[in-house]
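Here the structure comes first, spelled out in C-alpha cells, and everything after it is commentary.
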Amino acid sequence: PSSGNSKPIKPFGTVNRLPQSVVLPVKPQISAKQIPSPTPSGPNTARDTPTPTLGKTSSLPSSINTSSRSRRLSGTRHSSPIKKVVTIQTPTADLVSTPLNDLSNLLTSANTPILHLASSSHITTSTPYHHGLNLSTVILDHLTHNQSVSPFINPDTSISAGNLDASTITPALYTSLVKPVRQTPASHQELHLPHQSTIELPSDWTPNSVFSSHTKVMVSVPVKHNLTCSTSMVMKVTSLWVGSCQVPNQHWDQLVDTNWEKMVTLDQERKSFDMELTMKKAGTFTFNVGVMLENGVSSCGLVRFQVEEPNIQVLTENGSKLDFGSLPEDCSTSVPLILVNCGSCPVPIFLEIRQPADLFSFTNGSKLTSFTIPGVVEKQADGKGVAKEIEVQVKTVGVAVMQPQVFQTELLVMLGEERVVLGTVDIIVKVGTAKLRVKKSVEPVLFSCVLGESITKSIQLRNCGNITLMLETMIEDLNQGSFSLKKNIQIMPDCDFSLPVTFTCSPQASFITSEHKLYMSVIPNGPKHLISLQTTVMSNQESINEFKSSRPALSFGVIKKPDMPNASPTHVNNEALPAVFPVECDRSLINFFSVPVGTKEEQIITLKNSTFDTVCLNLIIRETDNFSLLVPAGAVSTSQLVLPPQSTQDVKILYCPTRVGTDRGKLVLKPQGRKVGGKSIKASIILCGVAGSSNIQMEGVDELEANHYQLPCQQFNGSNMIRFMNKGDSTGFVKIVCGGHVGSTKLEIIPSVFLLESGFAKDVSISYPEEDCSMGTTIITIFTGPELVRHVMKRARQLPGSARLSNNPTLMGINFEEEFPGEAIMNTREPFRGDLTAFDVKHFYQKTLKHQLSLTMPSKPLEFDQLSVEDTLSETRIDQSIAMPFSTQKVVTQQRSFARQANKFQSPRVPAQDNISAFPPSMSKPPPTHDSQLLLIPSQLSLISGAEAIVKMVNKSPQPVHWDLSWPSSKLSITPGAGMLSPHGQAVVCVQALPGQPSWRGQISVYSDNSVDTMEVVIAAAVSAPCITVSSNLVEMGMALLGSTTTGSI
C-alpha cells in the first residue's frame, strides 16, 4: 500500500511499436507441502476430449499474452508474484482465442499493472462525458496500439461442472451445517420429515459486466430454490480454469484472492448469493462452484468472469512530471493532471501526495483523493478512453528563502481499496523571492492634459528578488478618460523597469482633478501593490497660460563645487547625506592573522538595522579575490540581506590565502532604495589578512596522542635533548614550563623561552642531578604558536575592551608579554604596522598550542635476598586453605631498597607528598612456579583509595584451568573470586581499593592447577581536594558618589 516503496511511471516513448512474442521464465513456486491448501481438494474433472477449434467471434478479444506493451520489473506490493515482462497485443474486432495451457506462463504473467506517462497535448478529441464529475471522452493520437487491452478468452465449451463431494468440505463447516435427526427410542411411530428443500445453480453463468484485475469486486450469483424459511448453505469452489488451463488448487491464491469455502444464509426472498473476488491477471476465469443445503441437497455450476487489466494513462503538460516552474513567495498556482481509462471496465483510483507535502495539495486542500473512472462502453476506436481531470496546487505562503530553492515530492497513483501502487509522478517547484519596489516619493503620479489629448508618464519599478517578477496591471474604469499600459510585465532579478503609462483625456471630461489607483498583482495569485495616480483636466486657455510669459525672465541655480570644503549643504533636490548610516556593525576593521596558505578561516560580524524601516542591504567584496562571503550556497563575492526594523543578523567572512603575504580588501554595504542627490549611499568595512603560519614540531620524544608526548630518561645523571623545528612559513615562539615535580626532583631546561624562524631548528636540554633523582613522572608544558599573533596580542591588550577577551584558562595564567630573546630584531624583519581592534587578542588564544610532555625518571635496580625452597602438600592442586597467608614478616632488605620499590608502583596520577607516611613492610609471598599456566595483565597494580581497576587473566595452556584468588578483605574487594578458564580463554576481574584507608602495599595470590601466581598491589591514600565556599553570590557595595570609592566584602 501507500506507505511502501513505489515505482516510477514508465514514459510512453519506451513502448515497442511492433508486437513481438516474449518467452517468459518460469517463476519458482513453493511446493504444495509448504503452502496449505485453501480447501480440501475437490474432484477434478477429467478432460479426455480434445479442445475444439474455436472460430472467430465479435464478442470477446482473445489473447492473454499478446500485446506490445512492455512492463518493467518491480517488486511486489501485494500478493502478486514478482513482476516479469509481459507483452500484450492490440485486440481487434474479430479474434481467435488462443488457449493458455502453459501453467508457468499463466502464473508468471500475474503481475501488478503499471502506468504510462505522456503529454496532454496528445489529446485530439474531447467530448464532455459527465460535467459534474469532470469526465470527458477523449481520443489519444499516439496510442493506436493502446486501445482496450482486455485479453479476454472465448469460453471453453469443453469445461463441464463437477459435483460437490461432501467429503471435501471442511469438517467443522460440515458439522455446523448438517444437524442429525434423532428418533426417540420409546416411540415406534413413523417419523414425519419436513418438506424436501431443493436448490439449483445455473449450469454455466456469466455476468454481463467486465471486471478489472487487482480490484475487489462483489458478484451476485443467481440460484433457484424452494425454501420456505431461512436456511444455511455451504458454498465451495472446487475447480478453477483460466482460459482453457486448469489451475491446481495450490496455485489458486496466486491468481485470485477470495473465500474459497464459506457459509451462506438463504431465505425465501433471496435468490442469489455473493462472491467477493480479486483477480490478479486478465483473462476468462471459470469457477466450478458447488452448494449444499442442511438436508444434504447439493448443486453445482460454472461461473465465468471476464477480466481485463487496468489501462490507465497519465497525462501532464510536459509529459514527464508535474512542474510548477519558478514561483515567488506568498503565491499559489495549480496545474492539471489527466488520467485516462482506455479499458472497458471502471477503475477505482486513489491519489496521495507523499510527505514532505507542506506546499502541495489538491484543490480542496487535502493530500488524498479518490474517484472511479468509467470504462469505454461503446465500440472502441484507436486510442479512445474516458478522461478524468484533477488539479494539483502549490502554495508558497509563509515560505522564506534566501536563495532560490527547489521543493520536490511525489504523487502516488494507486488502484482499488487495497491501494496497489501503480506508479509515481514527480512534483517539483522552484521557490524564490520576487519583491517589487516603488518610490513612494513620486506618488501620486501626475497627469495634466487638455480635452481629447494624451500624456505619457513613466513609473520606475524594481525587482529586489532573485527570480523573475511577473506582474499583472489593472486600472479601474473612469469617466475622465482612459489609461493604457502593458497588461503583463516581466522584471528580471535585481533589475529596474520603466513602465510607460498613457492617459488619454475624454473630450467630454470635466475640468477637475481626480485620484485613481493602479493595481499591480504578482503572478500567480500573489500579493497586490497599489500606486496612486492623479489626473488634472485643463482647458486650452489654461494650458497656454501655464507656459505663457509677458516678458523675458531669468532662471537662477547653484554652481556645484565638489572641492569646496564649506560647500552649501543644499543640493538641487534639497537632500543631504544622512548623519548616520542606517546599518550598524560591531566592527569596522576585520583582521586575519597567521592563516596557513591553502586553508580557510572565517570570522563572524553582526549587522544591526538601527532604523524603524526594513532595509534591503547589498553586500559586495571589492579589491581582492582572497576574501568572500560565506552563505548556505557557498562562498560568493556578493550577497543580499533583508534586515527588519531594529533587528540583527550575522554575516560570515571567509579568508582563503593563496600566497604568503598581506591581503587587503573591503566589504561594501549598499542599502537599496536609499539615494541622496540621485546617488546611492554606502559604507565600507576594511578587510586585512596576513597569510603564513608557524608549524613547530618536536623530535626525540614519543607521541602518545594529540599534543601529548613522553620522554623516557635512561641515565641517572645527565640530560636529554629535544629538537624543535619550525616547518611553517613564519617565525614562531616556544615557551617551556615545568608543570610539577616528583619527590625532590629538580629539572633544568635550557633554553626555556626562544623564537624560532621558519626553516630553523633549536635543541633544548633537560637535565636532572643524580642525588635528586627518584622514580616517577613529571609533566612539562610546552606552548608554541606564531610570533605574529603574540606580537598582535601585546599591542591589542592596550586597547579598551580587550581585558574581557584576554582570559584563557588553558594557559594557566602564564605571562606571554615578556620580552623573548631576539624579539626586537625579529619584529624589524617581519613588522605589522596595521590598525588593530580589541577583538584581535583572540587570535593569540586561538592559535597558541599547548603540548604536554611526560618525563619518566630512571630507576635503580632492586636488591633481592635469597629465599628457601618449601615443599607443597599436593602435586595436583594447591588448596587455598594451605596457601601462605599475609603476615607481618619483614623482608630482610634495606630501607632504601624498600622505598624505591614503593615508589615504583605509585600511581602517576597522585604525585608523592612529603607528608605521606612510609608503606608498611612488604608481605611475604609464595614463590611463583615455573610452569605457570596463567598470564596476569597487568602483573603490578597501583590504585588510589576508593578507586578500581580491571585485571585480565589469560589461560596459556590448551586445557581448561580452574583458578581461585586470595586477597586481604580489609583492603581490597575483588569480583569474581574464582572461576574456570577454557583453553586459551580469558577472564576479567574487577579489583577495588576500599575507600578511606591509608597507604598500603601487598599482593594478590592466584591459585590454579599445579601453579600459583602473584600480583603486587600498591594503594595510595586519596588526597583531598581543596574546597572553597563563597558565602553569597552578591556583593553589596552600598551608596557611592561620583568620584568616590566604596568597598564590599565576601
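Labels used: A, B, ... for chains in the order of the C-alpha cells, numbers from 1 for residues in each chain, and numbers from 1 for ligands as shown.
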Residues within 7 Å of Leu994 in chain A, please, as an MDAnalysis selection string. Count only C-alpha atoms; anything in the same chain fewer than 2 positions from it doesn't count.
chainID A and resid 945:946 971:973 992 996:997
Exercise: range 394-399 of chain A partners within 10 Å, only C-alpha atoms, chain neighbours under 2 positions left out, as a PyMOL selection string
chain A and resi 324+327-335+357-363+365+392+401+427-429+431-433+525-526
Contacts of Thr278 in chain A at 7 Å (only C-alpha atoms; same-chain gap of 5+ positions) as a count of residues only
8
Please indicate the distance in Å from CA of Phe287 in chain A to CA of Asn208 in chain A, rounded to one decimal place.
16.1 Å
Find the residues near Phe273 in chain A: any atom within 12 Å, counting only C-alpha atoms, skip ones fewer than 4 places away on the same chain, and give them as a PyMOL selection string.
chain A and resi 201+218-225+232-236+262-267+269+289+291
For the selection just defined, write its residues with N, CA and C atoms to a file, as a compact mmCIF listing (two decimals), in the first residue's frame.
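And here is the file that came out, result.txt:
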```txt
# COMPACT_ATOMS: atom_id res chain seq x y z
N LEU A 201 -28.14 -24.45 -9.16
CA LEU A 201 -27.30 -23.40 -9.73
C LEU A 201 -27.38 -23.46 -11.25
N MET A 218 -17.63 -7.48 -6.09
CA MET A 218 -18.67 -8.28 -5.44
C MET A 218 -19.67 -8.69 -6.52
N VAL A 219 -19.86 -10.01 -6.70
CA VAL A 219 -20.72 -10.55 -7.76
C VAL A 219 -21.83 -11.36 -7.10
N SER A 220 -23.07 -11.12 -7.52
CA SER A 220 -24.22 -11.89 -7.03
C SER A 220 -24.52 -13.01 -8.01
N VAL A 221 -24.37 -14.26 -7.57
CA VAL A 221 -24.60 -15.44 -8.41
C VAL A 221 -26.04 -15.90 -8.20
N PRO A 222 -26.84 -16.00 -9.27
CA PRO A 222 -28.24 -16.40 -9.11
C PRO A 222 -28.35 -17.87 -8.69
N VAL A 223 -29.43 -18.20 -7.98
CA VAL A 223 -29.68 -19.56 -7.51
C VAL A 223 -31.20 -19.77 -7.43
N LYS A 224 -31.66 -20.98 -7.78
CA LYS A 224 -33.08 -21.33 -7.70
C LYS A 224 -33.28 -22.28 -6.52
N HIS A 225 -34.36 -22.03 -5.72
CA HIS A 225 -34.64 -22.90 -4.57
C HIS A 225 -36.12 -22.78 -4.23
N SER A 232 -29.25 -22.34 6.12
CA SER A 232 -27.81 -22.19 5.88
C SER A 232 -27.39 -23.05 4.70
N MET A 233 -26.38 -22.58 4.01
CA MET A 233 -25.88 -23.27 2.82
C MET A 233 -24.37 -23.12 2.77
N VAL A 234 -23.69 -24.15 2.33
CA VAL A 234 -22.25 -24.11 2.13
C VAL A 234 -21.96 -23.86 0.66
N MET A 235 -21.11 -22.84 0.39
CA MET A 235 -20.64 -22.57 -0.97
C MET A 235 -19.15 -22.91 -1.03
N LYS A 236 -18.77 -23.70 -2.04
CA LYS A 236 -17.38 -24.12 -2.15
C LYS A 236 -16.97 -24.12 -3.61
N LYS A 262 -17.28 -21.07 2.24
CA LYS A 262 -17.89 -20.25 3.28
C LYS A 262 -19.34 -20.69 3.48
N MET A 263 -19.92 -20.22 4.58
CA MET A 263 -21.31 -20.48 4.92
C MET A 263 -22.16 -19.29 4.48
N VAL A 264 -23.29 -19.57 3.81
CA VAL A 264 -24.20 -18.55 3.29
C VAL A 264 -25.59 -18.83 3.84
N THR A 265 -26.30 -17.76 4.17
CA THR A 265 -27.67 -17.88 4.66
C THR A 265 -28.64 -17.46 3.56
N LEU A 266 -29.62 -18.35 3.23
CA LEU A 266 -30.64 -18.07 2.22
C LEU A 266 -32.01 -18.05 2.90
N ASP A 267 -32.87 -17.18 2.38
CA ASP A 267 -34.27 -17.18 2.84
C ASP A 267 -35.18 -17.28 1.63
N GLU A 269 -36.96 -15.07 0.13
CA GLU A 269 -36.94 -13.97 -0.84
C GLU A 269 -35.60 -13.86 -1.56
N VAL A 289 -18.42 -24.04 -9.00
CA VAL A 289 -18.98 -23.70 -7.70
C VAL A 289 -20.01 -24.76 -7.32
N VAL A 291 -22.82 -25.94 -4.12
CA VAL A 291 -23.54 -25.51 -2.93
C VAL A 291 -24.23 -26.74 -2.31
```
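With only C-alpha atoms as the atoms that count, the minimum distance from Ala1021 in chain A to the choices A:Pro995, A:Gly383, A:Gly1038, A:Pro958 is reached by A:Pro995.
Minimum atom-to-atom distance to Ile491 in chain A, evaluated using only C-alpha atoms, belongs to A:Arg437 out of A:Thr535, A:Pro507, A:Met980, A:Arg437.
For range 642-646 of chain A, the list of residues within 6 Å, based on only C-alpha atoms and with local chain neighbours fewer than 6 positions off taken out, reads Asn609, Ser610, Thr611, Phe612, Asp613, Thr614, Val615 and Cys616 of chain A.
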With a distance cut-off of 9 Å and only C-alpha atoms, select the neighbouring residues of Gln959 in chain A, excluding the residue or stretch itself and same-chain residues fewer than 3 positions from it, and output the selection as JSON, numbers by chain.
{"A": [955, 956, 981, 982, 983, 984]}
Residues of the last selection are to be written out with N, CA, C and O atoms, as a tab-separated table (two decimals), in the first residue's frame.
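Result file follows (selection.tsv):
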```tsv
chain	number	residue	atom	x	y	z
A	955	ASN	N	44.52	-17.87	29.91
A	955	ASN	CA	44.93	-19.27	30.01
A	955	ASN	C	45.86	-19.59	28.85
A	955	ASN	O	45.45	-19.62	27.68
A	956	LYS	N	47.13	-19.85	29.15
A	956	LYS	CA	48.10	-20.12	28.10
A	956	LYS	C	48.12	-21.58	27.68
A	956	LYS	O	48.75	-21.92	26.68
A	981	LEU	N	38.63	-21.33	33.37
A	981	LEU	CA	39.06	-20.77	32.10
A	981	LEU	C	39.14	-21.87	31.06
A	981	LEU	O	39.74	-22.92	31.30
A	982	SER	N	38.50	-21.66	29.93
A	982	SER	CA	38.58	-22.61	28.83
A	982	SER	C	39.97	-22.53	28.20
A	982	SER	O	40.74	-21.61	28.46
A	983	PRO	N	40.33	-23.50	27.34
A	983	PRO	CA	41.66	-23.47	26.72
A	983	PRO	C	41.89	-22.16	25.97
A	983	PRO	O	41.07	-21.74	25.16
A	984	HIS	N	42.99	-21.50	26.29
A	984	HIS	CA	43.38	-20.22	25.68
A	984	HIS	C	42.29	-19.16	25.89
A	984	HIS	O	42.19	-18.21	25.13
```
Spatial neighbours of Gly673 in chain A, 12 Å, only C-alpha atoms, chain gap at least 4 places, as a count of residues only
24
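With distances restricted to only C-alpha atoms, A:Pro202 is the closest residue to Lys271 in chain A from A:Pro202, A:Met538, A:Val210, A:Thr624.
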